[in-house]
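Worksheet: one structure, shown below.
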Amino acid sequence: MSSVPKRVPASRLDKEQVQNAVDALIKLSSKRKQQLRLKDLLEEGEDIILNITLQKAHERKSTNPILLKLPHPFLPEIRETCLIVRDNEELKADIKDMNIPGLRKIMQFKKVNILSNVYSERIKLCDSYDLFIADDAILSMAKSRLGKHFWKTKKVPIKVKLSKDSQIKKLPQRIAQINKCTPFYLPTASLISIKIGNTTQSPKDVSENISTVIDRVIMTLDPAAGWELIQSLAVTTQDSISIPFFNQLPSGPALLSKPLKSEKRKAIEESEDEEEEEEDEIIKIQAEKSKKLKTTPEVTTTQTEKAKTPSKVESKEIEKKQDTKTPNKK
């Protein structure tokens, strides 16, 4: 059983190359906005997305996002937030009295259950708030009722524990912590997309966020494999091209010196050899059969005709019988 390393594997990133890629992306985004004359977007900026391509599809599946703490948070400290709680009027009133900054809506689960029956209402709810958090007691039911649009927009509710009074009192601090993190969803495929910054930030700050996020992803997925997990890295925005800054072959840089055949190729060659052997055996069997057919005497048509034609003695007996049967005509 292999031991799991407690430390993060040594990074293979070239910091200068990462900063150059981020700087090029920020300039590209700014130029595009100036051409389109989008002044509002120039001030707000665009979210920068880190695309991580794994060597193979991940086997684990989890619907709960993992919060990755960033050294340079890019999300606003106060966001339009919706809290989904269990059906408890007293709990709803207590949280409302706390006047938590950014908490615009406190919704009980029964209301979510009603909205789930109307598709347009679910879309409207998703687009009305920036952040959704939910009581741990009803989180799984809430996610199943909200539908696929929350998954596509990556607004799946983040769980908070509200079963104890001490946990309810810490809710403002918990929301503030969530706003300093970026959500990471465990993949079921080979591509992971994580928001790691904004075009209003400096390339240095964004590159530091990238390093932190990659280390955390490796430690979450497979610390023993380390950087062998990753095939390529790139940054992009929602409307721009992808700019790569790291790439390695699927076999990994440490395995390039070994000119060994892959297991899949070996299996194919072995099966081809077995098929050739089977074909040789079939050819031998067919040859043996053909030899046997040649050695056996063949009955000719003349012999069969002779066997069918009666002899002279037999023909005289047949004539006598016919004479006795037919009466003489006078």
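Quick note on naming: the chains in the structure tokens go A, B, ... in the order shown, residues restart at 1 in each chain, and ligands are numbered from 1 in order of appearance.
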Please list as an NGL selection string every residue within 12 Å of segment 11-14 of chain A, counting only C-alpha atoms and excluding residues in the same chain fewer than 6 positions away.
:A and (20-21 or 207-208 or 210-216 or 218 or 226-228 or 230-234 or 244-248 or 252-253)
Taking 3 positions as the minimum chain separation for residues in the same chain, which residues sit within 8 Å of segment 155-170 of chain A when counting only C-alpha atoms? Answer as a PDB file with C-alpha atoms, in the first residue's frame.
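File written: out-v4.pdb
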```pdb
ATOM      1  CA  ASN A  64     -20.681  19.074  -3.207  1.00  0.00           C
ATOM      2  CA  PRO A  65     -18.279  21.850  -4.241  1.00  0.00           C
ATOM      3  CA  ILE A  95     -31.318  34.644  11.012  1.00  0.00           C
ATOM      4  CA  CYS A 126     -31.016  31.131 -10.215  1.00  0.00           C
ATOM      5  CA  ASP A 130     -24.917  35.474  -7.014  1.00  0.00           C
ATOM      6  CA  LEU A 131     -24.517  32.926  -4.228  1.00  0.00           C
ATOM      7  CA  PHE A 132     -26.707  30.150  -2.830  1.00  0.00           C
ATOM      8  CA  ILE A 133     -26.106  28.478   0.517  1.00  0.00           C
ATOM      9  CA  ALA A 134     -28.254  25.824   2.145  1.00  0.00           C
ATOM     10  CA  ASP A 135     -28.788  24.185   5.505  1.00  0.00           C
ATOM     11  CA  ASP A 136     -26.909  20.898   5.672  1.00  0.00           C
ATOM     12  CA  ALA A 137     -30.089  19.141   6.853  1.00  0.00           C
ATOM     13  CA  LEU A 139     -29.001  20.258   1.139  1.00  0.00           C
ATOM     14  CA  LYS A 143     -30.089  20.324  -4.988  1.00  0.00           C
ATOM     15  CA  PHE A 150     -27.890  25.567 -11.187  1.00  0.00           C
ATOM     16  CA  TRP A 151     -25.244  23.038 -12.250  1.00  0.00           C
ATOM     17  CA  LYS A 152     -24.583  24.707 -15.594  1.00  0.00           C
ATOM     18  CA  GLN A 173     -18.250  34.625   9.401  1.00  0.00           C
ATOM     19  CA  ARG A 174     -19.038  31.538   7.345  1.00  0.00           C
TER      20      ARG A 174
END
```
DSSP says helix (DSSP H, G or I) for which residues of segment 107-239 of chain A? Put them as a count of residues only?
70
For atom CA of Glu121 of chain A and atom CA of Arg104 of chain A, determine how far apart the two atoms are, in Å to one decimal place.
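So the two atoms, atom CA of Glu121 of chain A and atom CA of Arg104 of chain A, lie 17.4 Å apart.
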Apply DSSP to the structure's backbone, then extract all residues of segment 54-148 of chain A labelled strand (DSSP E) and return them as a list of chain:residue names.
A:Leu54, A:Ile66, A:Leu67, A:Leu68, A:Lys69, A:Thr81, A:Cys82, A:Leu83, A:Ile84, A:Val85, A:Leu103, A:Arg104, A:Lys105, A:Ile106, A:Met107, A:Gln108, A:Leu131, A:Phe132, A:Ile133, A:Ala134, A:Asp135
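Between atom CA of Thr63 of chain A and atom CA of Ile114 of chain A there is a distance of 22.6 Å.
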I'd like the contact shell of Ile26 of chain A - 6 Å cut-off, only C-alpha atoms, skipping same-chain residues fewer than 3 positions apart - returned as a PyMOL selection string.
chain A and resi 23+29+199
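The smallest atom-to-atom distance between Lys69 of chain A and any of A:Glu288, A:Val217, A:Thr236, A:Ile243, using only C-alpha atoms, is found for A:Val217.
With atom CA of Val85 of chain A on one side and atom CA of Ser120 of chain A on the other, the separation reads 21.9 Å.
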Within 7 Å of Thr237 of chain A using only C-alpha atoms, minus same-chain residues under 5 positions, as a PDB file with C-alpha atoms, in the first residue's frame:
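Here's the written file around-v7.pdb:
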```pdb
ATOM      1  CA  GLU A  46     -14.110  39.461 -16.538  1.00  0.00           C
ATOM      2  CA  ASP A  47     -13.608  36.318 -14.514  1.00  0.00           C
ATOM      3  CA  ILE A  48     -10.433  34.405 -15.431  1.00  0.00           C
ATOM      4  CA  ILE A  49     -10.950  30.651 -15.701  1.00  0.00           C
TER       5      ILE A  49
END
```
Residues at most 7 Å from Ile66 of chain A, counting only C-alpha atoms, excluding those fewer than 6 positions away in the same chain, as a list in words?
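Counting only C-alpha atoms, the residues come to Pro183, Phe184 and Tyr185 of chain A.
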Limited to all heavy atoms, could you put the picked residues into a file as an mmCIF file, in the first residue's frame?
```cif
data_model
loop_
_atom_site.group_PDB
_atom_site.id
_atom_site.type_symbol
_atom_site.label_atom_id
_atom_site.label_comp_id
_atom_site.auth_asym_id
_atom_site.auth_seq_id
_atom_site.Cartn_x
_atom_site.Cartn_y
_atom_site.Cartn_z
ATOM 1 N N PRO A 183 -15.153 27.903 -5.760
ATOM 2 C CA PRO A 183 -15.638 26.515 -5.686
ATOM 3 C C PRO A 183 -14.956 25.606 -6.705
ATOM 4 O O PRO A 183 -14.696 26.002 -7.841
ATOM 5 C CB PRO A 183 -17.137 26.649 -5.982
ATOM 6 C CG PRO A 183 -17.244 27.885 -6.805
ATOM 7 C CD PRO A 183 -16.159 28.801 -6.349
ATOM 8 N N PHE A 184 -14.672 24.405 -6.261
ATOM 9 C CA PHE A 184 -14.056 23.381 -7.109
ATOM 10 C C PHE A 184 -14.920 22.128 -7.037
ATOM 11 O O PHE A 184 -15.150 21.567 -5.966
ATOM 12 C CB PHE A 184 -12.629 23.093 -6.635
ATOM 13 C CG PHE A 184 -12.071 21.769 -7.097
ATOM 14 C CD1 PHE A 184 -12.097 21.419 -8.433
ATOM 15 C CD2 PHE A 184 -11.495 20.886 -6.185
ATOM 16 C CE1 PHE A 184 -11.591 20.198 -8.864
ATOM 17 C CE2 PHE A 184 -10.984 19.680 -6.598
ATOM 18 C CZ PHE A 184 -11.026 19.331 -7.932
ATOM 19 N N TYR A 185 -15.430 21.694 -8.199
ATOM 20 C CA TYR A 185 -16.286 20.514 -8.276
ATOM 21 C C TYR A 185 -15.454 19.317 -8.721
ATOM 22 O O TYR A 185 -14.764 19.384 -9.751
ATOM 23 C CB TYR A 185 -17.443 20.745 -9.260
ATOM 24 C CG TYR A 185 -18.375 21.860 -8.841
ATOM 25 C CD1 TYR A 185 -18.110 23.186 -9.189
ATOM 26 C CD2 TYR A 185 -19.515 21.595 -8.090
ATOM 27 C CE1 TYR A 185 -18.966 24.210 -8.804
ATOM 28 C CE2 TYR A 185 -20.373 22.618 -7.703
ATOM 29 C CZ TYR A 185 -20.091 23.917 -8.058
ATOM 30 O OH TYR A 185 -20.924 24.929 -7.670
#
```
Considering only C-alpha atoms, can you say which of A:Asn198, A:Leu28, A:Ala225, A:Ser190 comes closest to Gln55 of chain A?
A:Ser190
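Using only C-alpha atoms, the smallest distance between any of A:Gln238, A:Ser193, A:Asn179, A:Thr220 and Leu70 of chain A comes from A:Asn179.
When only C-alpha atoms are used to measure the gap to Cys82 of chain A, the shortest distance among A:Leu221, A:Ile106, A:Ile52, A:Ile100 belongs to A:Ile106.
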Would you kindly return, as an MDAnalysis selection string, each protein, DNA or RNA residue with an atom no farther than 7 Å from any atom of Ile192 of chain A, considering only C-alpha atoms and excluding same-chain residues fewer than 4 positions away?
chainID A and resid 51:53 187
